[in-house]
>>> print(open('target_1.pdb').read())   # PDB, C-alpha atoms and all ligand atoms
ATOM      1  CA  MET A   1     -39.294   8.165   6.168  1.00  0.00           C
ATOM      2  CA  SER A   2     -35.556   7.772   6.066  1.00  0.00           C
ATOM      3  CA  ASP A   3     -34.706   9.916   3.068  1.00  0.00           C
ATOM      4  CA  CYS A   4     -32.483  12.788   4.202  1.00  0.00           C
ATOM      5  CA  GLY A   5     -32.960  14.607   0.894  1.00  0.00           C
ATOM      6  CA  LEU A   6     -36.713  14.586   1.240  1.00  0.00           C
ATOM      7  CA  VAL A   7     -36.597  15.687   4.878  1.00  0.00           C
ATOM      8  CA  ARG A   8     -34.199  18.495   4.020  1.00  0.00           C
ATOM      9  CA  SER A   9     -36.476  19.708   1.253  1.00  0.00           C
ATOM     10  CA  LEU A  10     -39.223  19.934   3.896  1.00  0.00           C
ATOM     11  CA  LEU A  11     -37.093  21.501   6.631  1.00  0.00           C
ATOM     12  CA  LEU A  12     -37.931  25.133   5.845  1.00  0.00           C
ATOM     13  CA  SER A  13     -41.657  24.402   5.989  1.00  0.00           C
ATOM     14  CA  TRP A  14     -41.029  22.324   9.102  1.00  0.00           C
ATOM     15  CA  VAL A  15     -39.281  25.202  10.861  1.00  0.00           C
ATOM     16  CA  ASP A  16     -42.062  27.565   9.767  1.00  0.00           C
ATOM     17  CA  GLU A  17     -44.575  25.005  11.068  1.00  0.00           C
ATOM     18  CA  LYS A  18     -46.326  24.941   7.717  1.00  0.00           C
ATOM     19  CA  LEU A  19     -46.214  21.185   7.188  1.00  0.00           C
ATOM     20  CA  PRO A  20     -49.384  19.109   7.193  1.00  0.00           C
ATOM     21  CA  GLU A  21     -49.751  16.942  10.272  1.00  0.00           C
ATOM     22  CA  ASP A  22     -48.777  13.648   8.614  1.00  0.00           C
ATOM     23  CA  LEU A  23     -45.547  15.085   7.200  1.00  0.00           C
ATOM     24  CA  LYS A  24     -44.771  16.753  10.530  1.00  0.00           C
ATOM     25  CA  VAL A  25     -44.816  13.382  12.239  1.00  0.00           C
ATOM     26  CA  GLN A  26     -42.530  11.868   9.623  1.00  0.00           C
ATOM     27  CA  VAL A  27     -40.062  14.757   9.757  1.00  0.00           C
ATOM     28  CA  ALA A  28     -40.068  14.679  13.567  1.00  0.00           C
ATOM     29  CA  GLU A  29     -39.344  10.961  13.510  1.00  0.00           C
ATOM     30  CA  HIS A  30     -36.517  11.419  11.031  1.00  0.00           C
ATOM     31  CA  LEU A  31     -34.968  14.300  13.018  1.00  0.00           C
ATOM     32  CA  ALA A  32     -35.067  12.169  16.145  1.00  0.00           C
ATOM     33  CA  ALA A  33     -33.150   9.435  14.346  1.00  0.00           C
ATOM     34  CA  CYS A  34     -30.808  11.409  12.094  1.00  0.00           C
ATOM     35  CA  GLY A  35     -28.172  13.614  13.699  1.00  0.00           C
ATOM     36  CA  ALA A  36     -27.146  15.195  10.395  1.00  0.00           C
ATOM     37  CA  CYS A  37     -30.650  16.416   9.606  1.00  0.00           C
ATOM     38  CA  ALA A  38     -31.211  17.452  13.231  1.00  0.00           C
ATOM     39  CA  GLY A  39     -28.062  19.577  13.023  1.00  0.00           C
ATOM     40  CA  LEU A  40     -29.322  21.145   9.833  1.00  0.00           C
ATOM     41  CA  GLU A  41     -32.649  21.842  11.518  1.00  0.00           C
ATOM     42  CA  LYS A  42     -30.813  23.789  14.233  1.00  0.00           C
ATOM     43  CA  THR A  43     -29.152  26.051  11.690  1.00  0.00           C
ATOM     44  CA  TYR A  44     -32.498  26.575   9.946  1.00  0.00           C
ATOM     45  CA  ARG A  45     -34.048  27.581  13.254  1.00  0.00           C
ATOM     46  CA  ALA A  46     -31.162  29.913  14.042  1.00  0.00           C
ATOM     47  CA  THR A  47     -31.537  31.513  10.611  1.00  0.00           C
ATOM     48  CA  ALA A  48     -35.287  31.885  11.090  1.00  0.00           C
ATOM     49  CA  ARG A  49     -34.618  33.673  14.395  1.00  0.00           C
ATOM     50  CA  LEU A  50     -32.267  36.099  12.628  1.00  0.00           C
ATOM     51  CA  GLY A  51     -35.056  36.853  10.152  1.00  0.00           C
ATOM     52  CA  ASN A  52     -37.311  37.680  13.103  1.00  0.00           C
ATOM     53  CA  TRP A  53     -34.801  40.128  14.539  1.00  0.00           C
ATOM     54  CA  PRO A  54     -36.753  42.978  16.141  1.00  0.00           C
ATOM     55  CA  ASP A  55     -36.848  46.269  14.274  1.00  0.00           C
ATOM     56  CA  GLU A  56     -36.243  48.280  17.402  1.00  0.00           C
ATOM     57  CA  GLU A  57     -32.858  49.906  17.715  1.00  0.00           C
ATOM     58  CA  ILE A  58     -30.399  48.055  19.843  1.00  0.00           C
ATOM     59  CA  PRO A  59     -28.493  50.366  22.164  1.00  0.00           C
ATOM     60  CA  VAL A  60     -24.768  50.498  21.457  1.00  0.00           C
ATOM     61  CA  PRO A  61     -22.577  50.763  24.547  1.00  0.00           C
ATOM     62  CA  GLY A  62     -20.723  54.083  24.676  1.00  0.00           C
ATOM     63  CA  ARG A  63     -17.364  52.429  25.154  1.00  0.00           C
ATOM     64  CA  LEU A  64     -17.903  50.460  21.939  1.00  0.00           C
ATOM     65  CA  VAL A  65     -18.530  53.710  20.062  1.00  0.00           C
ATOM     66  CA  GLY A  66     -15.343  55.120  21.598  1.00  0.00           C
ATOM     67  CA  ALA A  67     -13.362  52.032  20.680  1.00  0.00           C
ATOM     68  CA  VAL A  68     -14.568  52.176  17.079  1.00  0.00           C
ATOM     69  CA  ARG A  69     -13.693  55.887  16.846  1.00  0.00           C
ATOM     70  CA  GLU A  70     -10.229  55.196  18.245  1.00  0.00           C
ATOM     71  CA  ALA A  71      -9.745  52.373  15.768  1.00  0.00           C
ATOM     72  CA  VAL A  72     -10.799  54.635  12.881  1.00  0.00           C
ATOM     73  CA  GLU A  73      -8.444  57.390  14.055  1.00  0.00           C
ATOM     74  CA  ALA A  74      -5.626  54.883  14.466  1.00  0.00           C
ATOM     75  CA  ALA A  75      -6.225  53.576  10.959  1.00  0.00           C
ATOM     76  CA  LYS A  76      -5.764  57.094   9.550  1.00  0.00           C
ATOM     77  CA  LYS A  77      -2.301  57.366  11.039  1.00  0.00           C
ATOM     78  CA  PRO A  78       0.693  55.772   9.382  1.00  0.00           C
ATOM     79  CA  GLU A  79       0.741  52.150  10.412  1.00  0.00           C
ATOM     80  CA  ILE A  80       4.442  51.760  10.849  1.00  0.00           C
ATOM     81  CA  GLU A  81       7.016  54.128  12.290  1.00  0.00           C
ATOM     82  CA  GLU A  82      10.382  52.973  11.141  1.00  0.00           C
ATOM     83  CA  ASP A  83      13.362  53.427  13.328  1.00  0.00           C
ATOM     84  CA  PRO A  84      16.427  53.703  11.106  1.00  0.00           C
ATOM     85  CA  ASP A  85      18.625  52.161  13.803  1.00  0.00           C
ATOM     86  CA  GLU A  86      16.479  49.087  14.197  1.00  0.00           C
ATOM     87  CA  LYS A  87      14.766  46.797  11.769  1.00  0.00           C
ATOM     88  CA  ILE A  88      11.803  46.292  14.078  1.00  0.00           C
ATOM     89  CA  ALA A  89       8.605  48.060  13.049  1.00  0.00           C
ATOM     90  CA  VAL A  90       7.094  50.030  15.895  1.00  0.00           C
ATOM     91  CA  PRO A  91       3.311  50.383  15.936  1.00  0.00           C
ATOM     92  CA  PRO A  92       1.994  53.905  16.554  1.00  0.00           C
ATOM     93  CA  LYS A  93       1.629  54.790  20.211  1.00  0.00           C
ATOM     94  CA  PRO A  94      -1.907  55.170  21.535  1.00  0.00           C
ATOM     95  CA  VAL A  95      -2.903  58.826  22.031  1.00  0.00           C
TER      96      VAL A  95
HETATM   97 ZN    ZN B   1     -31.374  12.687   7.696  1.00  0.00          ZN
END
>>> encode(input="target_1.pdb", output="structure tokens")
Amino acid sequence: MSDCGLVRSLLLSWVDEKLPEDLKVQVAEHLAACGACAGLEKTYRATARLGNWPDEEIPVPGRLVGAVREAVEAAKKPEIEEDPDEKIAVPPKPV
């Protein structure tokens, strides 16, 4: 098999390991020979892994929470303090 279009149409089933044995062999042979399809296979596998993301909560580091809060607070403040003597915009000072 050397048809990229056909292999790509089978890639999802390939990644899910739902292909019949004879097609598996052909897809494997094509992926070994075709860098473009092999690259596509990698993205399919990465996407499949995202779909299998565990449901458990992932702990958020406390300093990340603090940083987000600070960013939200900073966004509420006026972005630019203008100094009438200078034309340079001064960003708000961190609290
Ligand atoms: Zn190909």
>>> closest_residue(input="target_1.pdb", among="A:Glu17, A:Glu57, A:Glu70, A:Glu29", to="ligand ZN 1 (chain B)", atoms="only C-alpha atoms and all ligand atoms")
A:Glu29
>>> residues_near_ligand(input="target_1.pdb", ligand="ligand ZN 1 (chain B)", cutoff="6 Å", atoms="only C-alpha atoms and all ligand atoms", output="VMD selection string")
chain A and resid 4 34 36 to 37
>>> closest_residue(input="target_1.pdb", among="A:Asp16, A:Asp22, A:Glu56, A:Glu73", to="Pro94 in chain A", atoms="all atoms listed in the file")
A:Glu73
>>> closest_residue(input="target_1.pdb", among="A:Val95, A:Ala32, A:Leu40, A:Val65", to="Gly5 in chain A", atoms="only C-alpha atoms")
A:Leu40
>>> residues_around(input="target_1.pdb", residues="Glu41 in chain A", least_positions_apart="2", cutoff="9 Å", atoms="all atoms listed in the file", output="ChimeraX atom specification")
/A:8,11-12,14-15,31,36-39,43-46
>>> atom_distance(input="target_1.pdb", atom1="CA of Ala33 in chain A", atom2="CA of Ala48 in chain A")
22.8 Å
>>> axis_aligned_box(input="target_1.pdb", around="range 43-47 of chain A", padding_each_side="4 Å", output="AutoDock Vina command-line options")
--center_x -31.6 --center_y 28.8 --center_z 12.0 --size_x 12.9 --size_y 13.5 --size_z 12.1
